[in-house]
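Scroll down for the structure; my scribbles are underneath it.
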Amino acid sequence: GDHRDLHVRSRRQRQMCIRDSSLIIYAIQLSNLSFVTNFQYSQLIWSTIVNFLIFGVPFDYNKIVGVIGIIIFGLLFIRTEGDKEKVKV
């Protein structure tokens with residue numbers, strides 16, 4: 001019944017969480033930590049957009065400030081990483 005379906009769904013969600021976490025750990029091992037965390041923060045932006053478009057969850061002040069902050073710091077990171085690459089060459 002419903003209880004069994006809920007148990008199967010929650011088990012799948014745990015498996016997906018473990019798989020996603022393992023992939024993130026592997027990516028961190030292969031590359032720069034700050035590069036990988038940029039992508040993790042971008043997930044917050046996409047989830048906010050998807051929640052609004054699909055589920056109708058409205059934007060509030062905290063979400064807007066957070067998304068703007070993530071975008072600004074992500075762009076700053078890209079800029080400083082580009083400057084580091086120029087120095088190496």
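Labels used: A, B, ... for chains in the order of the structure tokens, numbers from 1 for residues in each chain, and numbers from 1 for ligands as shown.
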
Selection: 9 Å around region 41-52 of chain A, only C-alpha atoms, excl. self and same-chain fewer than 5 positions, as a PDB file with all heavy atoms, in the first residue's frame:
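So the final result, stored in part28.pdb, reads:
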```
ATOM      1  N   VAL A  57       6.373  28.207  -5.619  1.00  0.00           N
ATOM      2  CA  VAL A  57       6.907  28.740  -4.361  1.00  0.00           C
ATOM      3  C   VAL A  57       7.432  30.145  -4.647  1.00  0.00           C
ATOM      4  O   VAL A  57       8.325  30.318  -5.476  1.00  0.00           O
ATOM      5  CB  VAL A  57       8.049  27.849  -3.807  1.00  0.00           C
ATOM      6  CG1 VAL A  57       8.648  28.453  -2.555  1.00  0.00           C
ATOM      7  CG2 VAL A  57       7.536  26.446  -3.546  1.00  0.00           C
ATOM      8  N   PRO A  58       6.873  31.160  -3.991  1.00  0.00           N
ATOM      9  CA  PRO A  58       7.274  32.534  -4.320  1.00  0.00           C
ATOM     10  C   PRO A  58       8.678  32.867  -3.833  1.00  0.00           C
ATOM     11  O   PRO A  58       9.195  32.259  -2.893  1.00  0.00           O
ATOM     12  CB  PRO A  58       6.231  33.377  -3.576  1.00  0.00           C
ATOM     13  CG  PRO A  58       5.775  32.519  -2.452  1.00  0.00           C
ATOM     14  CD  PRO A  58       5.867  31.100  -2.937  1.00  0.00           C
ATOM     15  N   PHE A  59       9.279  33.853  -4.504  1.00  0.00           N
ATOM     16  CA  PHE A  59      10.577  34.362  -4.067  1.00  0.00           C
ATOM     17  C   PHE A  59      10.347  35.265  -2.860  1.00  0.00           C
ATOM     18  O   PHE A  59       9.406  36.045  -2.847  1.00  0.00           O
ATOM     19  CB  PHE A  59      11.239  35.200  -5.167  1.00  0.00           C
ATOM     20  CG  PHE A  59      11.661  34.408  -6.366  1.00  0.00           C
ATOM     21  CD1 PHE A  59      10.957  34.463  -7.545  1.00  0.00           C
ATOM     22  CD2 PHE A  59      12.788  33.613  -6.303  1.00  0.00           C
ATOM     23  CE1 PHE A  59      11.350  33.738  -8.650  1.00  0.00           C
ATOM     24  CE2 PHE A  59      13.195  32.878  -7.402  1.00  0.00           C
ATOM     25  CZ  PHE A  59      12.478  32.937  -8.575  1.00  0.00           C
ATOM     26  N   LYS A  63      15.738  34.792  -0.346  1.00  0.00           N
ATOM     27  CA  LYS A  63      16.121  34.032  -1.546  1.00  0.00           C
ATOM     28  C   LYS A  63      16.731  34.947  -2.596  1.00  0.00           C
ATOM     29  O   LYS A  63      17.722  34.599  -3.226  1.00  0.00           O
ATOM     30  CB  LYS A  63      14.904  33.306  -2.133  1.00  0.00           C
ATOM     31  CG  LYS A  63      14.460  32.117  -1.322  1.00  0.00           C
ATOM     32  CD  LYS A  63      13.270  31.460  -1.967  1.00  0.00           C
ATOM     33  CE  LYS A  63      12.723  30.374  -1.074  1.00  0.00           C
ATOM     34  NZ  LYS A  63      11.492  29.793  -1.600  1.00  0.00           N
ATOM     35  N   GLY A  66      20.178  35.978  -1.512  1.00  0.00           N
ATOM     36  CA  GLY A  66      21.066  34.824  -1.622  1.00  0.00           C
ATOM     37  C   GLY A  66      21.471  34.537  -3.054  1.00  0.00           C
ATOM     38  O   GLY A  66      22.644  34.297  -3.342  1.00  0.00           O
ATOM     39  N   VAL A  67      20.511  34.551  -3.965  1.00  0.00           N
ATOM     40  CA  VAL A  67      20.792  34.282  -5.377  1.00  0.00           C
ATOM     41  C   VAL A  67      21.719  35.359  -5.941  1.00  0.00           C
ATOM     42  O   VAL A  67      22.691  35.048  -6.641  1.00  0.00           O
ATOM     43  CB  VAL A  67      19.478  34.183  -6.190  1.00  0.00           C
ATOM     44  CG1 VAL A  67      19.740  34.248  -7.681  1.00  0.00           C
ATOM     45  CG2 VAL A  67      18.739  32.907  -5.836  1.00  0.00           C
ATOM     46  N   ILE A  70      25.226  34.752  -4.580  1.00  0.00           N
ATOM     47  CA  ILE A  70      25.867  33.595  -5.227  1.00  0.00           C
ATOM     48  C   ILE A  70      26.374  33.976  -6.614  1.00  0.00           C
ATOM     49  O   ILE A  70      27.496  33.634  -7.000  1.00  0.00           O
ATOM     50  CB  ILE A  70      24.880  32.410  -5.311  1.00  0.00           C
ATOM     51  CG1 ILE A  70      24.620  31.848  -3.912  1.00  0.00           C
ATOM     52  CG2 ILE A  70      25.406  31.322  -6.238  1.00  0.00           C
ATOM     53  CD1 ILE A  70      23.480  30.861  -3.856  1.00  0.00           C
ATOM     54  N   ILE A  71      25.560  34.707  -7.360  1.00  0.00           N
ATOM     55  CA  ILE A  71      25.964  35.118  -8.710  1.00  0.00           C
ATOM     56  C   ILE A  71      27.179  36.049  -8.646  1.00  0.00           C
ATOM     57  O   ILE A  71      28.157  35.861  -9.376  1.00  0.00           O
ATOM     58  CB  ILE A  71      24.784  35.788  -9.454  1.00  0.00           C
ATOM     59  CG1 ILE A  71      23.706  34.738  -9.752  1.00  0.00           C
ATOM     60  CG2 ILE A  71      25.257  36.475 -10.732  1.00  0.00           C
ATOM     61  CD1 ILE A  71      22.406  35.309 -10.268  1.00  0.00           C
ATOM     62  N   GLY A  74      30.258  34.143  -7.484  1.00  0.00           N
ATOM     63  CA  GLY A  74      30.658  33.207  -8.543  1.00  0.00           C
ATOM     64  C   GLY A  74      31.408  33.917  -9.656  1.00  0.00           C
ATOM     65  O   GLY A  74      32.427  33.429 -10.146  1.00  0.00           O
TER      66      GLY A  74
END
```

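Computed from the coordinates, the CA of Asp60 (chain A) to CA of Phe39 (chain A) distance equals 22.6 Å.
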